[in-house]
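What follows is the content of model20.tsv (TSV, C-alpha atoms and all ligand atoms).
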chain	number	residue	atom	x	y	z
A	1	MET	CA	23.83	-37.87	51.42
A	2	LYS	CA	21.05	-40.02	50.01
A	3	THR	CA	21.56	-40.73	46.32
A	4	LYS	CA	18.71	-39.74	44.03
A	5	LYS	CA	16.58	-42.55	42.65
A	6	ILE	CA	16.32	-41.82	38.95
A	7	ALA	CA	14.21	-44.00	36.67
A	8	VAL	CA	13.91	-44.10	32.89
A	9	TYR	CA	10.53	-44.93	31.37
A	10	PRO	CA	11.26	-45.89	27.75
A	11	GLY	CA	8.81	-46.54	24.94
A	12	SER	CA	7.73	-45.56	21.46
A	13	PHE	CA	4.96	-43.26	22.74
A	14	ASP	CA	3.55	-43.10	19.20
A	15	PRO	CA	1.47	-41.38	20.58
A	16	ILE	CA	1.30	-41.14	24.38
A	17	THR	CA	-1.93	-42.63	25.80
A	18	ASN	CA	-3.73	-42.44	29.13
A	19	GLY	CA	-2.19	-45.84	29.93
A	20	HIS	CA	1.31	-44.34	29.62
A	21	LEU	CA	0.25	-41.31	31.67
A	22	ASP	CA	-0.99	-43.53	34.47
A	23	ILE	CA	2.43	-45.22	34.67
A	24	ILE	CA	4.16	-41.81	34.62
A	25	VAL	CA	2.05	-40.40	37.48
A	26	ARG	CA	2.58	-43.51	39.59
A	27	GLY	CA	6.28	-43.64	38.71
A	28	LEU	CA	6.73	-40.08	39.95
A	29	ARG	CA	5.48	-41.20	43.35
A	30	MET	CA	8.18	-43.86	43.53
A	31	PHE	CA	11.26	-42.10	42.19
A	32	ASP	CA	13.01	-38.77	42.78
A	33	GLU	CA	13.29	-38.18	39.05
A	34	LEU	CA	11.62	-39.76	36.06
A	35	ILE	CA	12.90	-39.52	32.50
A	36	VAL	CA	10.31	-40.35	29.85
A	37	LEU	CA	12.42	-41.57	26.96
A	38	VAL	CA	11.23	-41.75	23.38
A	39	ALA	CA	13.30	-44.74	22.35
A	40	TYR	CA	13.33	-44.86	18.57
A	41	ASN	CA	14.72	-46.91	15.76
A	42	PRO	CA	15.61	-44.65	12.80
A	43	ASN	CA	14.75	-47.49	10.39
A	44	LYS	CA	11.26	-48.02	11.77
A	45	SER	CA	8.35	-45.94	10.58
A	46	SER	CA	6.08	-44.17	13.02
A	47	LEU	CA	2.98	-42.01	12.77
A	48	PHE	CA	4.44	-39.12	14.80
A	49	SER	CA	8.03	-37.90	14.46
A	50	VAL	CA	10.32	-38.13	17.48
A	51	GLU	CA	9.93	-34.35	18.02
A	52	GLU	CA	6.13	-34.55	17.79
A	53	ARG	CA	6.08	-37.43	20.29
A	54	MET	CA	8.32	-35.53	22.72
A	55	ASP	CA	6.18	-32.38	22.31
A	56	LEU	CA	3.01	-34.31	23.09
A	57	ILE	CA	4.55	-35.91	26.17
A	58	ARG	CA	5.69	-32.47	27.39
A	59	LEU	CA	2.25	-30.98	26.74
A	60	VAL	CA	0.31	-33.64	28.61
A	61	THR	CA	2.70	-33.74	31.57
A	62	GLN	CA	3.18	-29.98	31.97
A	63	ASP	CA	1.03	-29.85	35.10
A	64	LEU	CA	2.99	-32.62	36.79
A	65	ASP	CA	5.96	-31.58	38.89
A	66	GLY	CA	9.42	-30.66	37.69
A	67	ARG	CA	10.96	-34.01	38.56
A	68	LEU	CA	9.98	-35.24	35.12
A	69	ARG	CA	12.11	-34.90	32.00
A	70	VAL	CA	11.48	-35.89	28.41
A	71	ASP	CA	14.30	-37.08	26.18
A	72	CYS	CA	14.96	-39.31	23.17
A	73	SER	CA	17.56	-41.89	22.24
A	74	SER	CA	18.16	-44.44	19.52
A	75	GLY	CA	20.98	-46.15	21.39
A	76	LEU	CA	21.29	-48.93	23.91
A	77	LEU	CA	18.88	-48.32	26.79
A	78	VAL	CA	21.23	-49.38	29.59
A	79	ASP	CA	23.91	-47.04	28.23
A	80	TYR	CA	21.42	-44.18	28.20
A	81	ALA	CA	20.38	-45.00	31.78
A	82	LYS	CA	24.00	-45.04	32.91
A	83	SER	CA	24.71	-41.70	31.22
A	84	GLN	CA	21.89	-40.18	33.31
A	85	GLY	CA	22.84	-41.82	36.60
A	86	ALA	CA	19.61	-43.85	36.47
A	87	ASN	CA	19.55	-47.36	37.88
A	88	VAL	CA	15.92	-48.22	37.19
A	89	ILE	CA	14.05	-48.91	33.96
A	90	LEU	CA	10.33	-48.47	34.50
A	91	ARG	CA	7.90	-50.45	32.35
A	92	GLY	CA	4.15	-50.96	32.35
A	93	LEU	CA	2.54	-54.38	32.12
A	94	ARG	CA	-0.85	-54.95	30.58
A	95	ALA	CA	-1.80	-58.45	29.62
A	96	VAL	CA	-0.12	-61.81	29.53
A	97	SER	CA	0.87	-60.92	25.98
A	98	ASP	CA	3.17	-58.15	27.27
A	99	PHE	CA	4.83	-60.48	29.71
A	100	GLU	CA	7.05	-62.60	27.49
A	101	TYR	CA	8.50	-59.65	25.60
A	102	GLU	CA	9.00	-57.63	28.77
A	103	PHE	CA	10.63	-60.60	30.49
A	104	GLN	CA	13.12	-61.01	27.62
A	105	MET	CA	13.92	-57.30	27.57
A	106	ALA	CA	14.44	-57.18	31.32
A	107	LEU	CA	16.78	-60.19	31.16
A	108	ILE	CA	18.86	-58.89	28.28
A	109	ASN	CA	19.14	-55.46	29.88
A	110	ARG	CA	20.22	-57.05	33.13
A	111	ARG	CA	22.82	-59.05	31.30
A	112	LEU	CA	24.09	-55.90	29.59
A	113	ASN	CA	24.30	-53.99	32.86
A	114	ARG	CA	23.70	-55.61	36.23
A	115	ASP	CA	23.43	-52.26	37.98
A	116	VAL	CA	20.20	-51.40	36.19
A	117	GLU	CA	16.99	-53.04	37.45
A	118	THR	CA	13.71	-53.17	35.53
A	119	VAL	CA	10.66	-52.34	37.62
A	120	PHE	CA	7.14	-53.15	36.40
A	121	LEU	CA	3.90	-51.44	37.28
A	122	MET	CA	0.66	-53.25	36.56
A	123	THR	CA	-1.62	-51.23	34.30
A	124	GLY	CA	-4.59	-49.39	35.76
A	125	TYR	CA	-7.58	-51.61	34.88
A	126	GLN	CA	-9.17	-48.88	32.72
A	127	TRP	CA	-6.11	-48.96	30.44
A	128	PHE	CA	-5.82	-52.70	30.11
A	129	TYR	CA	-6.54	-52.71	26.37
A	130	THR	CA	-5.07	-49.28	25.54
A	131	SER	CA	-2.08	-49.52	23.24
A	132	SER	CA	-0.71	-46.89	20.87
A	133	ASN	CA	-1.11	-49.35	18.00
A	134	LEU	CA	-4.78	-50.03	18.65
A	135	ILE	CA	-5.41	-46.32	19.16
A	136	LYS	CA	-3.83	-45.54	15.77
A	137	GLU	CA	-5.73	-48.29	14.06
A	138	ALA	CA	-9.09	-47.25	15.50
A	139	ALA	CA	-8.50	-43.53	14.92
A	140	GLY	CA	-7.26	-44.20	11.39
A	141	LEU	CA	-10.52	-45.95	10.57
A	142	GLY	CA	-12.54	-43.06	11.94
A	143	GLY	CA	-13.35	-44.58	15.35
A	144	SER	CA	-13.47	-42.43	18.46
A	145	VAL	CA	-10.65	-42.94	20.94
A	146	LYS	CA	-11.84	-40.16	23.23
A	147	GLY	CA	-11.10	-40.98	26.85
A	148	LEU	CA	-8.21	-43.30	25.97
A	149	VAL	CA	-5.77	-40.52	25.11
A	150	PRO	CA	-5.45	-36.94	26.42
A	151	ASP	CA	-7.58	-34.45	24.43
A	152	VAL	CA	-4.58	-32.79	22.76
A	153	VAL	CA	-3.46	-36.21	21.47
A	154	LEU	CA	-6.97	-36.81	20.16
A	155	GLU	CA	-6.76	-33.53	18.22
A	156	ARG	CA	-3.33	-34.36	16.78
A	157	LEU	CA	-4.53	-37.81	15.74
A	158	GLU	CA	-7.51	-36.30	13.97
A	159	GLU	CA	-5.24	-33.79	12.20
A	160	LYS	CA	-2.85	-36.53	11.11
A	161	PHE	CA	-5.53	-38.68	9.60
A	162	ARG	CA	-7.32	-35.74	8.04
A	163	THR	CA	-4.19	-34.70	6.13
A	164	ARG	CA	-3.30	-38.22	4.96
B	201	LIG	P1	2.57	-49.44	23.15
B	201	LIG	O1	2.76	-50.85	23.62
B	201	LIG	O2	1.30	-48.80	23.63
B	201	LIG	O3	2.85	-49.20	21.70
B	201	LIG	P2	5.13	-48.30	24.09
B	201	LIG	O4	6.11	-49.07	23.32
B	201	LIG	O5	5.22	-46.83	23.93
B	201	LIG	O6	3.61	-48.60	23.91
B	201	LIG	O7	5.20	-48.73	25.61
B	201	LIG	C1	6.08	-48.22	26.56
B	201	LIG	C2	5.83	-48.89	27.88
B	201	LIG	O8	4.54	-48.52	28.36
B	201	LIG	C3	5.81	-50.42	27.85
B	201	LIG	O9	6.35	-50.90	29.06
B	201	LIG	C4	4.35	-50.76	27.76
B	201	LIG	O10	4.09	-52.04	28.29
B	201	LIG	C5	3.77	-49.67	28.64
B	201	LIG	N1	2.38	-49.41	28.32
B	201	LIG	C6	1.85	-49.10	27.13
B	201	LIG	N2	0.51	-48.95	27.24
B	201	LIG	C7	0.19	-49.20	28.54
B	201	LIG	C8	-1.04	-49.25	29.29
B	201	LIG	N3	-2.20	-49.05	28.70
B	201	LIG	N4	-0.95	-49.54	30.60
B	201	LIG	C9	0.24	-49.78	31.19
B	201	LIG	N5	1.40	-49.78	30.54
B	201	LIG	C10	1.40	-49.48	29.24
Could you spell out this file's structure in structure tokens?
Ligand code: ADP
Amino acid sequence: MKTKKIAVYPGSFDPITNGHLDIIVRGLRMFDELIVLVAYNPNKSSLFSVEERMDLIRLVTQDLDGRLRVDCSSGLLVDYAKSQGANVILRGLRAVSDFEYEFQMALINRRLNRDVETVFLMTGYQWFYTSSNLIKEAAGLGGSVKGLVPDVVLERLEEKFRTR
């Protein structure tokens, strides 16, 4: 029997953007199952709580097929992958600036577990400059980020900054 190809797509997703969604849709074409993992550090502050981030990911992916799961973890990524029978870590690459960090992460993860490979997808050109941090910064200053994030994320961002 063919073993299932399961990939984990980890990130902060604070909040999920159209750039992330593009990687998710393309990842689903490559793997039998995709786990979108909110990887968090309890000591790091974020705009959205882990639950809010997972909710938003579920909401914006609800029309995609059932091979997608959303989860969270604050532990070692390769251990999480192993616990799920996943042997691929999926990451998105935007600019040269992403490369060095991603390269280091891929190497350390490979050193920690040689059975897990990191696979990179090049960003869709429309999302080249879309990062959660820039989105938060622009939205926080009252700029419109419509078109860069799903509409429900846009609403939640507006709510967040309205109540701050
Ligand atoms: P960000 O860098 O936006 O704060 P995350 O830490 O949540 O995002 O990123 C999770 C993964 O998604 C990383 O591999 C990151 O490079 C990738 N990613 C983030 N934004 C994009 C985008 N616009 N296009 C492609 N990949 C992206």
Using only C-alpha atoms and all ligand atoms, what does the table of chain A residues within 10 Å of ligand LIG 201 (chain B) look like, with each row giving the shortest atom pair and its distance in Å to one decimal, sorted by chain and ascending number, as a tab-separated table?
residue	atom	partner	partner_atom	distance
A:Tyr9	CA	B:LIG201	C2	7.1
A:Pro10	CA	B:LIG201	C1	5.8
A:Gly11	CA	B:LIG201	C1	3.6
A:Ser12	CA	B:LIG201	O5	3.7
A:Phe13	CA	B:LIG201	O5	3.8
A:Asp14	CA	B:LIG201	O5	6.3
A:Pro15	CA	B:LIG201	O5	7.4
A:Ile16	CA	B:LIG201	O5	6.9
A:Thr17	CA	B:LIG201	N2	6.9
A:Asn18	CA	B:LIG201	N3	6.8
A:Gly19	CA	B:LIG201	N3	3.4
A:His20	CA	B:LIG201	C7	5.1
A:Leu21	CA	B:LIG201	N4	8.4
A:Asp22	CA	B:LIG201	N4	7.1
A:Ile23	CA	B:LIG201	C9	6.1
A:Ile24	CA	B:LIG201	O8	9.2
A:Val36	CA	B:LIG201	C1	9.5
A:Leu37	CA	B:LIG201	C1	9.2
A:Val38	CA	B:LIG201	O5	7.9
A:Ala39	CA	B:LIG201	O4	8.4
A:Tyr40	CA	B:LIG201	O4	9.6
A:Ile89	CA	B:LIG201	O9	9.3
A:Leu90	CA	B:LIG201	O9	7.2
A:Arg91	CA	B:LIG201	O9	3.7
A:Gly92	CA	B:LIG201	N5	3.5
A:Leu93	CA	B:LIG201	O10	4.7
A:Arg94	CA	B:LIG201	C9	5.3
A:Ala95	CA	B:LIG201	O10	8.8
A:Ser97	CA	B:LIG201	O10	9.7
A:Asp98	CA	B:LIG201	O10	6.3
A:Phe99	CA	B:LIG201	O10	8.6
A:Tyr101	CA	B:LIG201	O10	9.2
A:Glu102	CA	B:LIG201	O9	7.2
A:Val119	CA	B:LIG201	O9	9.7
A:Phe120	CA	B:LIG201	O9	7.7
A:Leu121	CA	B:LIG201	C9	7.3
A:Met122	CA	B:LIG201	C9	6.4
A:Thr123	CA	B:LIG201	C9	3.9
A:Gly124	CA	B:LIG201	N4	6.3
A:Tyr125	CA	B:LIG201	N4	8.2
A:Gln126	CA	B:LIG201	N3	8.0
A:Trp127	CA	B:LIG201	N3	4.3
A:Phe128	CA	B:LIG201	N3	5.3
A:Tyr129	CA	B:LIG201	N3	6.1
A:Thr130	CA	B:LIG201	N3	4.3
A:Ser131	CA	B:LIG201	O2	3.5
A:Ser132	CA	B:LIG201	O2	3.9
A:Asn133	CA	B:LIG201	O3	5.4
A:Leu134	CA	B:LIG201	O2	8.0
A:Ile135	CA	B:LIG201	O2	8.4
A:Lys136	CA	B:LIG201	O3	9.7
A:Leu148	CA	B:LIG201	N3	8.8
A:Val149	CA	B:LIG201	N3	9.9
- [ ] Write out as a PyMOL selection string which residues come within 12 Å of A:Glu33 when counting only C-alpha atoms, dropping same-chain ones fewer than 3 positions away.
- [x] chain A and resi 3-9+24-30+36+64-70+84-90
For the selection you just gave me, I'd like the residues written to a file as a CSV table (one decimal), in the frame of the given file, keeping C-alpha atoms.
chain,number,residue,atom,x,y,z
A,3,THR,CA,21.6,-40.7,46.3
A,4,LYS,CA,18.7,-39.7,44.0
A,5,LYS,CA,16.6,-42.6,42.6
A,6,ILE,CA,16.3,-41.8,39.0
A,7,ALA,CA,14.2,-44.0,36.7
A,8,VAL,CA,13.9,-44.1,32.9
A,9,TYR,CA,10.5,-44.9,31.4
A,24,ILE,CA,4.2,-41.8,34.6
A,25,VAL,CA,2.0,-40.4,37.5
A,26,ARG,CA,2.6,-43.5,39.6
A,27,GLY,CA,6.3,-43.6,38.7
A,28,LEU,CA,6.7,-40.1,40.0
A,29,ARG,CA,5.5,-41.2,43.4
A,30,MET,CA,8.2,-43.9,43.5
A,36,VAL,CA,10.3,-40.4,29.8
A,64,LEU,CA,3.0,-32.6,36.8
A,65,ASP,CA,6.0,-31.6,38.9
A,66,GLY,CA,9.4,-30.7,37.7
A,67,ARG,CA,11.0,-34.0,38.6
A,68,LEU,CA,10.0,-35.2,35.1
A,69,ARG,CA,12.1,-34.9,32.0
A,70,VAL,CA,11.5,-35.9,28.4
A,84,GLN,CA,21.9,-40.2,33.3
A,85,GLY,CA,22.8,-41.8,36.6
A,86,ALA,CA,19.6,-43.8,36.5
A,87,ASN,CA,19.6,-47.4,37.9
A,88,VAL,CA,15.9,-48.2,37.2
A,89,ILE,CA,14.0,-48.9,34.0
A,90,LEU,CA,10.3,-48.5,34.5
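Between atom CA of A:Val152 and atom CA of A:Gln62 lies a distance of 12.4 Å.
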Task: Polymer residues at most 12 Å from A:Leu141, all atoms listed in the file, same-chain spacing of 4 or more positions, as a ChimeraX atom specification - done: /A:134-137,145,157-158,161-162,164
Task: Within-12 Å shell of (5.1, -33.4, 18.4) in input frame, all atoms listed in the file, as a list in words - done: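 The answer, in the requested form, is Phe13, Asp14, Pro15, Ile16, Val38, Leu47, Phe48, Ser49, Val50, Glu51, Glu52, Arg53, Met54, Asp55, Leu56, Ile57, Arg58, Leu59, Val60, Val152, Val153, Glu155, Arg156, Leu157 and Lys160 of chain A.
Closest approach to A:Lys82 among A:Ser46, A:Asn113, A:Asn41, A:Ser144 is made by A:Asn113 (distances from all atoms listed in the file).
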Open item on the list: What does the structure give for the distance between atom CA of A:Ala81 and atom CA of A:Glu100, in Å to one decimal?
Closed with: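 Atom CA of A:Ala81 sits 22.5 Å away from atom CA of A:Glu100.
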TODO: Figure out the distance between atom CA of A:Lys44 and atom CA of A:Ser73, please, to one decimal in Å.
DONE: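 Spanning atom CA of A:Ser73 to atom CA of A:Lys44 is a straight-line distance of 13.7 Å.
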Provide an axis-aligned box for all listed atoms of stretch 81-100 of chain A, padding each side by 3 Å; report its centre and its edge lengths in Å to one decimal, as AutoDock Vina command-line options.
--center_x 11.5 --center_y -51.4 --center_z 31.9 --size_x 32.5 --size_y 28.4 --size_z 17.9
TODO: For each of A:Val116, A:Gly143, A:Glu159, A:Leu154, take the minimum atom-to-atom distance to A:Asp79, counting only C-alpha atoms, then give the residue where this is smallest.
DONE: A:Val116
TODO: Considering only C-alpha atoms, state which residue in the set A:Leu77, A:Val96, A:Gly140, A:Pro42 is at the smallest distance from A:Arg110.
DONE: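 Ranked by minimum distance to A:Arg110, first place goes to A:Leu77.
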Open item on the list: When you count all atoms listed in the file, which of these residues is closest to A:Asp32: A:Glu117, A:Pro150, A:Asp71, A:Lys2?
Closed with: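 So, comparing all the options, the nearest one is A:Lys2.
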